[in-house]
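A.B. asks: A single structure is presented below for examination.
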There are 2 protein chains.
Amino acid sequence: MTSYAADLEAVRAAARRIDGRAHRTPVVTCATLDRFAGRALFFKCEHLQKAGAFKFRGACNAVMKVAPEIAVRGVATHSSGNHAGALALAARLRGIPAHVVMPRNASPVKRRAVEEYGGRVVECEPTLEARERTAADVLAQTGATLIPPYNHPDVIAGQGTVALELLEQVPGLDAVIAPVGGGGLVSGICVALREAAPSVRMLAAEPAGADDAARSKAAGMLIPQTGPRTIADGLLTSLGDLTWPLIRDCVERIVTVTEDEIVAAMRLAWERAKLLIEPSAAVPLAAVLSGPFRRLDGLRRVGVVLSGGNVNLDSLPWK
Amino acid sequence: MTSYAADLEAVRAAARRIDGRAHRTPVVTCATLDRFAGRALFFKCEHLQKAGAFKFRGACNAVMKVAPEIAVRGVATHSSGNHAGALALAARLRGIPAHVVMPRNASPVKRRAVEEYGGRVVECEPTLEARERTAADVLAQTGATLIPPYNHPDVIAGQGTVALELLEQVPGLDAVIAPVGGGGLVSGICVALREAAPSVRMLAAEPAGADDAARSKAAGMLIPQTGPRTIADGLLTSLGDLTWPLIRDCVERIVTVTEDEIVAAMRLAWERAKLLIEPSAAVPLAAVLSGPFRRLDGLRRVGVVLSGGNVNLDSLPWK
């Protein structure tokens with residue numbers, strides 16, 4: 001039997017660890033979107049999670065799990081996205097430092113989020129090499145524990161808690177769909193579903209402009225993302241060696257969507273369902289609204305994970 | 001003992017009547033907004049209500065309560081706001097016609113909402129006289145039942161259901177604050193609180209540019225609104241003779257806020273809490289964030305009713 005990065009017991013332990021620290025996010029429904037999708041959709045509102053994204057679950061689980069004598073030296077990561085703010089907040093809740101390596105050209109909004117949560121931003125040049133060297137320097141200087149954004153067992157287990165909640169909140173789900181970037185969210189959900197609810201089908205959604213997961217599935221091997229182009233800035237990264245096996249074995253299908261479909265779905269979510277989601281979170285909604293998905297059978301009740309809501313309100317994609 | 005337009009039993013009956021038809025909306029919290037307010041806030045998310053506003057509660061209760069032999073002739077109202085869409089949707093759920101008299105210059109978004117829910121829009125000139133004459137004509141021609149936007153016992157009782165849910169969802173509330181326009185929402189909440197939870201203090205929030213409720217309270221008599229000027233387009237109307245007595249007797253204080261405070265609160269709700277609320281719903285948030293409110297004692301846990309989320313996304317107030 002294949003062994004994966006995490007199992008159901010790890011997800012249950014993560015749920016106990018983050019209980020009272022992370023929000024148990026609500027599930028909402030919208031009759032208009034159900035009509036457009038041709039089925040019942042249950043939106044798991046991770047945009048209402050602390051720090052505005054599901055990322056807080058994994059970061060919180062990983063931060064709380066570090067042994068006390070090591071934790072005092074702090075935690076560190078390199079991220080220009082939602083994981084950065086999530087880690088800074090989790091560290092603040094534990095009362096330890098968070099060092100976040102960010103490229104000089106990172107979004108000012110994301111940078112401010114880290115700083116407002118009390119994290120220390122360490123700037124680097126916007127290259128992979130500079131980022132890794134700077135992160136190594138930070139770890140050497142501080143003795144901090146590295147908490148990567150997705151390719152880590154505790155992060156994967158933390159993200160899986162979203163599925164445990166969804167299963168409790170919505171009886172009789174036929175499937176769950178979530179966006180795939182590095183694969184932390186999808187692989188965490190896979191871990192939970194395969195043991196806790198093996199009859200619930202797992203689907204993933206990806207921008208056509210960053211379709212490494214779809215290509216990897218088709219090839220049967222991990223193909224790194226090169227030159228991604230998408231407005232869904234949370235989904236630019238490649239799968240990791242810990243997330244890929246779960247996606248390979250437990251995801252039934254990866255649906256790709258165009259940029260126009262992502263923007264249209266995001267606007268529909270805002271306008272009709274009043275759900276203030278970011279482009280990455282609109283990707284699974286775009287997928288369930290797409291023609292090919294509408295033709296899939298046996299999916300009467302589908303859980304849609306809205307992964308985050310961190311948007312720059314001064315530059316909306318429909319303006 | 002003063003007799004009011006509705007009592008707790010009417011609110012409880014409304015709750016049973018709309019159960020399974022209206023959403024039981026979630027309550028969410030946001031640590032950042034708590035810090036800004038200096039107390040714990042519990043946001044009752046009526047922007048996630050059907051048709052995007054609390055208005056659906058009252059409209060649904062009133063529509064479902066019409067006797068069957070009369071209901072077949074349909075319902076009617078004059079409204080250019082959220083009540084119009086709410087009534088159209090409630091009528092559709094009952095399978096009866098809804099006739100909505102709207103001024104020629106009503107927002108295209110609100111008009112489209114009525115039409116998409118299957119309502120019939122009857123245009124009139126944008127004057128009070130034309131509106132009343134047109135509504136009278138519609139009633140005479142169709143035999144429809146008039147369901148006004150707020151000054152009606154069944155509408156008030158329906159809006160009160162928001163308080164019953166909030167009391168169940170959040171134990172130990174010290175106060176509830178909601179926006180006041182015509183007063184349907186606030187008076188409905190008063191009806192519920194005064195009998196079900198008399199120790200919970202009732203507060204209301206109003207734009208300084210449409211402060212008829214604050215002026216009426218100060219004068220001890222109903223003073224109609226003239227020439228309102230505010231971005232909070234749900235709060236332009238005057239109190240009614242059914243809503244005023246409850247506001248006079250059961251609301252402890254009416255907090256007024258400026259236009260700048262409303263826009264800033266709306267942006268904070270979007271940016272920090274990912275709550276896609278309309279300007280009228282930002283009014284109570286602006287109130288709890290204001291200096292005078294922050295100095296009030298004994299308000300550790302405050303329920304804030306976010307009344308609606310119907311916003312024109314092409315013209316946001318910070319652009």
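Going by the structure tokens order, chains are called A, B, ..., each with residues numbered from 1, while ligands are numbered from 1 in the order shown.
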Please identify every residue of chain B that has at least one atom no more than 8 Å from any atom of chain A, counting only C-alpha atoms, and report them as a list of chain:residue names.
C.D. replies: B:Pro26, B:Val28, B:Cys30, B:His47, B:Leu48, B:Lys50, B:Gly52, B:Trp270, B:Glu271, B:Arg272, B:Ala273, B:Lys274, B:Leu275, B:Leu276, B:Ile277, B:Gly309, B:Asn310, B:Val311, B:Leu313, B:Asp314, B:Lys319
A.B. asks: When you look at Asn151 of chain B with a cut-off of 10 Å (counting only C-alpha atoms), what residues show up, excluding the ones that are within fewer than 3 positions of it in the same chain? I need them as a VMD selection string.
C.D. replies: chain B and resid 5 147 to 148 154 to 156 182 to 184 187 239 to 244
A.B. asks: Which of segment 162-262 of chain B end up as alpha helix (DSSP H) when DSSP is run on this backbone - answer as a PyMOL selection string?
C.D. replies: chain B and resi 162-169+184-196+212-219+244-250+259-262
A.B. asks: Excluding same-chain residues fewer than 3 positions from Ala178 of chain B, what lies within 10 Å of it counting only C-alpha atoms, as a list in words?
C.D. replies: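 Those residues are Lys44, Gly181, Gly183, Leu185, Val186, Ser187, Ile189, Met202, Leu203, Ala204, Ala205, Glu206, Ile254, Ser280, Ala281, Ala282, Val283, Pro284, Leu285, Ala287, Gly303, Val304, Val305, Leu306 and Ser307 of chain B.
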A.B. asks: What does the file look like for those residues with N, CA and C atoms, as a PDB file, in the first residue's frame?
C.D. replies:
ATOM      1  N   LYS B  44     -23.793  39.493  11.604  1.00  0.00           N
ATOM      2  CA  LYS B  44     -24.888  38.689  11.080  1.00  0.00           C
ATOM      3  C   LYS B  44     -24.993  38.985   9.587  1.00  0.00           C
ATOM      4  N   GLY B 181     -33.499  52.841   8.321  1.00  0.00           N
ATOM      5  CA  GLY B 181     -33.976  53.659   7.200  1.00  0.00           C
ATOM      6  C   GLY B 181     -35.456  53.898   7.455  1.00  0.00           C
ATOM      7  N   GLY B 183     -37.056  51.693   9.099  1.00  0.00           N
ATOM      8  CA  GLY B 183     -37.178  51.170  10.458  1.00  0.00           C
ATOM      9  C   GLY B 183     -37.734  49.754  10.552  1.00  0.00           C
ATOM     10  N   LEU B 185     -36.284  46.829   9.839  1.00  0.00           N
ATOM     11  CA  LEU B 185     -35.313  45.919  10.446  1.00  0.00           C
ATOM     12  C   LEU B 185     -35.168  46.198  11.938  1.00  0.00           C
ATOM     13  N   VAL B 186     -34.929  47.451  12.272  1.00  0.00           N
ATOM     14  CA  VAL B 186     -34.697  47.787  13.678  1.00  0.00           C
ATOM     15  C   VAL B 186     -35.947  47.506  14.514  1.00  0.00           C
ATOM     16  N   SER B 187     -37.114  47.858  14.020  1.00  0.00           N
ATOM     17  CA  SER B 187     -38.312  47.631  14.837  1.00  0.00           C
ATOM     18  C   SER B 187     -38.590  46.137  14.972  1.00  0.00           C
ATOM     19  N   ILE B 189     -36.323  43.781  15.102  1.00  0.00           N
ATOM     20  CA  ILE B 189     -35.370  43.289  16.105  1.00  0.00           C
ATOM     21  C   ILE B 189     -35.834  43.700  17.501  1.00  0.00           C
ATOM     22  N   MET B 202     -30.544  47.548  22.466  1.00  0.00           N
ATOM     23  CA  MET B 202     -30.752  47.761  21.034  1.00  0.00           C
ATOM     24  C   MET B 202     -30.248  49.142  20.635  1.00  0.00           C
ATOM     25  N   LEU B 203     -29.361  49.155  19.634  1.00  0.00           N
ATOM     26  CA  LEU B 203     -28.795  50.397  19.121  1.00  0.00           C
ATOM     27  C   LEU B 203     -29.093  50.464  17.632  1.00  0.00           C
ATOM     28  N   ALA B 204     -29.119  51.672  17.106  1.00  0.00           N
ATOM     29  CA  ALA B 204     -29.338  51.818  15.666  1.00  0.00           C
ATOM     30  C   ALA B 204     -28.302  52.774  15.109  1.00  0.00           C
ATOM     31  N   ALA B 205     -28.035  52.645  13.829  1.00  0.00           N
ATOM     32  CA  ALA B 205     -27.047  53.501  13.174  1.00  0.00           C
ATOM     33  C   ALA B 205     -27.665  54.109  11.932  1.00  0.00           C
ATOM     34  N   GLU B 206     -27.287  55.352  11.663  1.00  0.00           N
ATOM     35  CA  GLU B 206     -27.955  56.111  10.606  1.00  0.00           C
ATOM     36  C   GLU B 206     -26.945  57.066   9.954  1.00  0.00           C
ATOM     37  N   ILE B 254     -29.300  56.218  18.890  1.00  0.00           N
ATOM     38  CA  ILE B 254     -29.085  56.179  17.438  1.00  0.00           C
ATOM     39  C   ILE B 254     -27.792  56.912  17.136  1.00  0.00           C
ATOM     40  N   SER B 280     -25.273  50.768   2.860  1.00  0.00           N
ATOM     41  CA  SER B 280     -26.214  50.805   3.983  1.00  0.00           C
ATOM     42  C   SER B 280     -25.795  49.850   5.098  1.00  0.00           C
ATOM     43  N   ALA B 281     -25.220  48.706   4.714  1.00  0.00           N
ATOM     44  CA  ALA B 281     -24.790  47.722   5.709  1.00  0.00           C
ATOM     45  C   ALA B 281     -23.515  48.156   6.414  1.00  0.00           C
ATOM     46  N   ALA B 282     -22.764  49.070   5.783  1.00  0.00           N
ATOM     47  CA  ALA B 282     -21.539  49.570   6.406  1.00  0.00           C
ATOM     48  C   ALA B 282     -21.843  50.607   7.483  1.00  0.00           C
ATOM     49  N   VAL B 283     -23.076  51.092   7.517  1.00  0.00           N
ATOM     50  CA  VAL B 283     -23.426  52.156   8.474  1.00  0.00           C
ATOM     51  C   VAL B 283     -23.284  51.688   9.933  1.00  0.00           C
ATOM     52  N   PRO B 284     -23.820  50.523  10.318  1.00  0.00           N
ATOM     53  CA  PRO B 284     -23.601  50.093  11.712  1.00  0.00           C
ATOM     54  C   PRO B 284     -22.140  49.764  12.006  1.00  0.00           C
ATOM     55  N   LEU B 285     -21.399  49.288  11.023  1.00  0.00           N
ATOM     56  CA  LEU B 285     -19.967  49.046  11.252  1.00  0.00           C
ATOM     57  C   LEU B 285     -19.248  50.374  11.472  1.00  0.00           C
ATOM     58  N   ALA B 287     -20.530  52.944  12.703  1.00  0.00           N
ATOM     59  CA  ALA B 287     -20.943  53.411  14.034  1.00  0.00           C
ATOM     60  C   ALA B 287     -20.074  52.782  15.119  1.00  0.00           C
ATOM     61  N   GLY B 303     -23.626  42.369  18.499  1.00  0.00           N
ATOM     62  CA  GLY B 303     -24.068  41.828  17.211  1.00  0.00           C
ATOM     63  C   GLY B 303     -24.283  42.969  16.222  1.00  0.00           C
ATOM     64  N   VAL B 304     -23.693  42.852  15.045  1.00  0.00           N
ATOM     65  CA  VAL B 304     -23.791  43.896  14.025  1.00  0.00           C
ATOM     66  C   VAL B 304     -24.515  43.291  12.819  1.00  0.00           C
ATOM     67  N   VAL B 305     -25.688  43.831  12.510  1.00  0.00           N
ATOM     68  CA  VAL B 305     -26.451  43.274  11.400  1.00  0.00           C
ATOM     69  C   VAL B 305     -25.996  43.918  10.093  1.00  0.00           C
ATOM     70  N   LEU B 306     -25.377  43.098   9.248  1.00  0.00           N
ATOM     71  CA  LEU B 306     -24.943  43.567   7.920  1.00  0.00           C
ATOM     72  C   LEU B 306     -26.122  43.335   6.995  1.00  0.00           C
ATOM     73  N   SER B 307     -26.817  44.433   6.673  1.00  0.00           N
ATOM     74  CA  SER B 307     -28.167  44.313   6.137  1.00  0.00           C
ATOM     75  C   SER B 307     -28.261  43.833   4.699  1.00  0.00           C
TER      76      SER B 307
END
A.B. asks: Quote the spacing between atom CA of Met266 of chain A and atom CA of Arg39 of chain A in Å to one decimal place.
C.D. replies: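 These atoms are spaced 18.5 Å apart.
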A.B. asks: Might you pull out every residue within 8 Å of segment 82-91 of chain A, with only C-alpha atoms counted and same-chain residues fewer than 5 positions away left off, and present them as an MDAnalysis selection string?
C.D. replies: chainID A and resid 50:53 55:56 59:60 63:64 74:75 77 96:100 110:111 113:115 117:119 149 234 310
A.B. asks: Please extract the residues of segment 234-271 of chain A with a backbone DSSP assignment of strand (DSSP E) and present them as a ChimeraX atom specification.
C.D. replies: /A:253-257
A.B. asks: Take the residues just selected and output them with C-alpha atoms as a CSV table (one decimal), in the first residue's frame.
C.D. replies:
chain,number,residue,atom,x,y,z
A,253,ARG,CA,-10.2,14.7,-12.8
A,254,ILE,CA,-8.5,18.0,-13.2
A,255,VAL,CA,-10.6,20.6,-15.0
A,256,THR,CA,-8.8,23.5,-16.7
A,257,VAL,CA,-10.4,26.9,-17.2
A.B. asks: Give me the residues within 9 Å of Gly143 of chain A as JSON, numbers by chain, counting only C-alpha atoms and dropping any in the same chain fewer than 3 places off.
C.D. replies: {"A": [70, 73, 74, 75, 138, 139, 140]}
A.B. asks: Keeping N, CA and C atoms, export the residues of the selection given above as a PDB file, in the first residue's frame.
C.D. replies:
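Heads up, here's the output in out.pdb:
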ATOM      1  N   ILE A  70      12.427  24.393  20.269  1.00  0.00           N
ATOM      2  CA  ILE A  70      12.845  24.814  18.920  1.00  0.00           C
ATOM      3  C   ILE A  70      12.013  26.012  18.473  1.00  0.00           C
ATOM      4  N   ARG A  73      12.925  29.833  18.584  1.00  0.00           N
ATOM      5  CA  ARG A  73      13.788  30.466  17.565  1.00  0.00           C
ATOM      6  C   ARG A  73      12.981  30.984  16.366  1.00  0.00           C
ATOM      7  N   GLY A  74      11.708  30.671  16.367  1.00  0.00           N
ATOM      8  CA  GLY A  74      10.854  31.214  15.317  1.00  0.00           C
ATOM      9  C   GLY A  74      10.654  30.274  14.138  1.00  0.00           C
ATOM     10  N   VAL A  75       9.871  30.758  13.173  1.00  0.00           N
ATOM     11  CA  VAL A  75       9.609  30.015  11.943  1.00  0.00           C
ATOM     12  C   VAL A  75       9.934  30.915  10.763  1.00  0.00           C
ATOM     13  N   VAL A 138      18.695  33.188   6.301  1.00  0.00           N
ATOM     14  CA  VAL A 138      17.800  33.473   7.428  1.00  0.00           C
ATOM     15  C   VAL A 138      17.773  32.295   8.395  1.00  0.00           C
ATOM     16  N   LEU A 139      17.672  31.081   7.852  1.00  0.00           N
ATOM     17  CA  LEU A 139      17.635  29.890   8.714  1.00  0.00           C
ATOM     18  C   LEU A 139      18.937  29.752   9.498  1.00  0.00           C
ATOM     19  N   ALA A 140      20.077  30.006   8.815  1.00  0.00           N
ATOM     20  CA  ALA A 140      21.385  29.875   9.472  1.00  0.00           C
ATOM     21  C   ALA A 140      21.519  30.916  10.591  1.00  0.00           C
TER      22      ALA A 140
END
A.B. asks: Show which residues sit within 10 Å of Gly209 of chain B, as number ranges by chain. Count only C-alpha atoms, and ignore same-chain residues fewer than 2 positions away.
C.D. replies: B: 206-207, 211-212, 225, 227-232, 235-236, 256-259
A.B. asks: With all heavy atoms retained, export the selected residues as a compact mmCIF listing (two decimals), in the first residue's frame.
C.D. replies:
# COMPACT_ATOMS: atom_id res chain seq x y z
N GLU B 206 -27.29 55.35 11.66
CA GLU B 206 -27.96 56.11 10.61
C GLU B 206 -26.94 57.07 9.95
O GLU B 206 -26.07 57.61 10.64
CB GLU B 206 -29.08 56.92 11.26
CG GLU B 206 -30.09 57.48 10.32
CD GLU B 206 -31.24 58.17 11.08
OE1 GLU B 206 -30.97 58.83 12.10
OE2 GLU B 206 -32.39 58.06 10.61
N PRO B 207 -27.06 57.30 8.66
CA PRO B 207 -26.18 58.31 8.05
C PRO B 207 -26.56 59.71 8.55
O PRO B 207 -27.75 60.01 8.68
CB PRO B 207 -26.49 58.19 6.54
CG PRO B 207 -27.29 56.95 6.37
CD PRO B 207 -27.96 56.68 7.68
N ASP B 211 -30.86 61.58 8.73
CA ASP B 211 -30.92 61.30 10.17
C ASP B 211 -32.29 61.55 10.78
O ASP B 211 -32.40 62.03 11.92
CB ASP B 211 -29.85 62.11 10.90
CG ASP B 211 -30.11 63.63 10.78
OD1 ASP B 211 -30.93 64.02 9.92
OD2 ASP B 211 -29.49 64.39 11.54
N ASP B 212 -33.35 61.18 10.05
CA ASP B 212 -34.69 61.41 10.59
C ASP B 212 -34.94 60.61 11.87
O ASP B 212 -35.62 61.10 12.77
CB ASP B 212 -35.77 61.07 9.55
CG ASP B 212 -35.71 59.63 9.09
OD1 ASP B 212 -34.61 59.17 8.73
OD2 ASP B 212 -36.76 58.96 9.10
N GLN B 225 -38.23 62.41 6.95
CA GLN B 225 -36.98 62.74 6.26
C GLN B 225 -37.27 63.62 5.05
O GLN B 225 -38.14 63.31 4.26
CB GLN B 225 -36.30 61.44 5.81
CG GLN B 225 -34.96 61.64 5.13
CD GLN B 225 -33.94 62.21 6.08
OE1 GLN B 225 -33.76 61.73 7.19
NE2 GLN B 225 -33.27 63.28 5.67
N GLY B 227 -35.14 65.60 1.85
CA GLY B 227 -33.87 65.85 1.15
C GLY B 227 -32.69 65.05 1.68
O GLY B 227 -31.64 65.63 1.95
N PRO B 228 -32.83 63.72 1.82
CA PRO B 228 -31.70 62.93 2.32
C PRO B 228 -30.56 62.95 1.32
O PRO B 228 -30.78 63.01 0.11
CB PRO B 228 -32.29 61.52 2.43
CG PRO B 228 -33.37 61.48 1.40
CD PRO B 228 -33.97 62.87 1.39
N ARG B 229 -29.35 62.94 1.84
CA ARG B 229 -28.16 62.88 0.98
C ARG B 229 -27.19 61.89 1.58
O ARG B 229 -26.50 62.20 2.55
CB ARG B 229 -27.48 64.25 0.92
CG ARG B 229 -28.20 65.24 0.05
CD ARG B 229 -27.42 66.53 0.00
NE ARG B 229 -26.12 66.29 -0.63
CZ ARG B 229 -25.70 66.92 -1.72
NH1 ARG B 229 -26.44 67.85 -2.27
NH2 ARG B 229 -24.53 66.65 -2.23
N THR B 230 -27.16 60.68 1.01
CA THR B 230 -26.21 59.68 1.50
C THR B 230 -25.98 58.61 0.44
O THR B 230 -26.86 58.35 -0.39
CB THR B 230 -26.72 59.01 2.79
OG1 THR B 230 -25.80 57.97 3.16
CG2 THR B 230 -28.10 58.41 2.62
N ILE B 231 -24.79 58.02 0.50
CA ILE B 231 -24.47 56.89 -0.38
C ILE B 231 -25.23 55.65 0.06
O ILE B 231 -25.36 54.70 -0.72
CB ILE B 231 -22.95 56.66 -0.33
CG1 ILE B 231 -22.52 55.64 -1.38
CG2 ILE B 231 -22.50 56.22 1.05
CD1 ILE B 231 -21.02 55.38 -1.39
N ALA B 232 -25.72 55.64 1.30
CA ALA B 232 -26.43 54.47 1.83
C ALA B 232 -27.85 54.48 1.31
O ALA B 232 -28.79 54.90 1.98
CB ALA B 232 -26.38 54.49 3.36
N LEU B 235 -31.24 53.64 3.03
CA LEU B 235 -31.64 54.32 4.26
C LEU B 235 -32.19 55.73 4.02
O LEU B 235 -32.13 56.60 4.88
CB LEU B 235 -30.43 54.39 5.23
CG LEU B 235 -29.73 53.05 5.48
CD1 LEU B 235 -28.54 53.23 6.42
CD2 LEU B 235 -30.68 52.02 6.06
N LEU B 236 -32.74 55.95 2.83
CA LEU B 236 -33.20 57.28 2.46
C LEU B 236 -34.59 57.59 3.01
O LEU B 236 -34.96 58.76 3.15
CB LEU B 236 -33.25 57.41 0.92
CG LEU B 236 -31.90 57.24 0.20
CD1 LEU B 236 -32.12 57.13 -1.31
CD2 LEU B 236 -30.99 58.42 0.52
N THR B 256 -25.12 58.44 14.57
CA THR B 256 -25.03 58.90 13.18
C THR B 256 -23.58 58.91 12.73
O THR B 256 -22.67 59.14 13.52
CB THR B 256 -25.64 60.30 13.00
OG1 THR B 256 -24.96 61.21 13.87
CG2 THR B 256 -27.11 60.31 13.32
N VAL B 257 -23.39 58.64 11.46
CA VAL B 257 -22.03 58.57 10.88
C VAL B 257 -21.97 59.38 9.59
O VAL B 257 -22.98 59.54 8.90
CB VAL B 257 -21.62 57.11 10.61
CG1 VAL B 257 -21.44 56.34 11.92
CG2 VAL B 257 -22.62 56.40 9.72
N THR B 258 -20.76 59.83 9.27
CA THR B 258 -20.58 60.64 8.06
C THR B 258 -20.42 59.74 6.83
O THR B 258 -20.18 58.54 6.94
CB THR B 258 -19.32 61.50 8.19
OG1 THR B 258 -18.18 60.63 8.21
CG2 THR B 258 -19.32 62.34 9.46
N GLU B 259 -20.50 60.38 5.67
CA GLU B 259 -20.31 59.64 4.42
C GLU B 259 -18.90 59.04 4.35
O GLU B 259 -18.72 57.91 3.91
CB GLU B 259 -20.53 60.57 3.21
CG GLU B 259 -21.95 61.10 3.11
CD GLU B 259 -22.97 59.99 2.92
OE1 GLU B 259 -22.98 59.37 1.84
OE2 GLU B 259 -23.75 59.73 3.86
A.B. asks: Within 8 Å of Ile223 of chain A, counting only C-alpha atoms, which residues qualify if same-chain residues fewer than 4 places away don't, as a list of chain:residue names?
C.D. replies: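 Counting only C-alpha atoms, the residues come to A:Asp212, A:Ala213, A:Arg215, A:Ser216, A:Ser238.
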A.B. asks: Could those selected residues go to a file with N, CA, C and O atoms, as a short mmCIF file (atom, residue, chain, number, x, y, z; two decimals), in the first residue's frame?
C.D. replies:
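The file below, part_3.cif, is the result:
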data_model
loop_
_atom_site.label_atom_id
_atom_site.label_comp_id
_atom_site.auth_asym_id
_atom_site.auth_seq_id
_atom_site.Cartn_x
_atom_site.Cartn_y
_atom_site.Cartn_z
N ASP A 212 0.13 22.62 -14.80
CA ASP A 212 1.09 21.53 -14.55
C ASP A 212 0.42 20.31 -13.93
O ASP A 212 0.82 19.17 -14.23
N ALA A 213 -0.61 20.50 -13.12
CA ALA A 213 -1.26 19.34 -12.50
C ALA A 213 -1.99 18.52 -13.56
O ALA A 213 -1.90 17.29 -13.57
N ARG A 215 -1.31 18.42 -16.74
CA ARG A 215 -0.33 17.77 -17.61
C ARG A 215 0.37 16.61 -16.89
O ARG A 215 0.64 15.57 -17.48
N SER A 216 0.61 16.79 -15.61
CA SER A 216 1.23 15.72 -14.83
C SER A 216 0.31 14.50 -14.77
O SER A 216 0.75 13.36 -14.96
N SER A 238 4.50 24.91 -8.95
CA SER A 238 4.49 23.49 -9.35
C SER A 238 4.04 22.63 -8.19
O SER A 238 4.18 22.99 -7.02
#
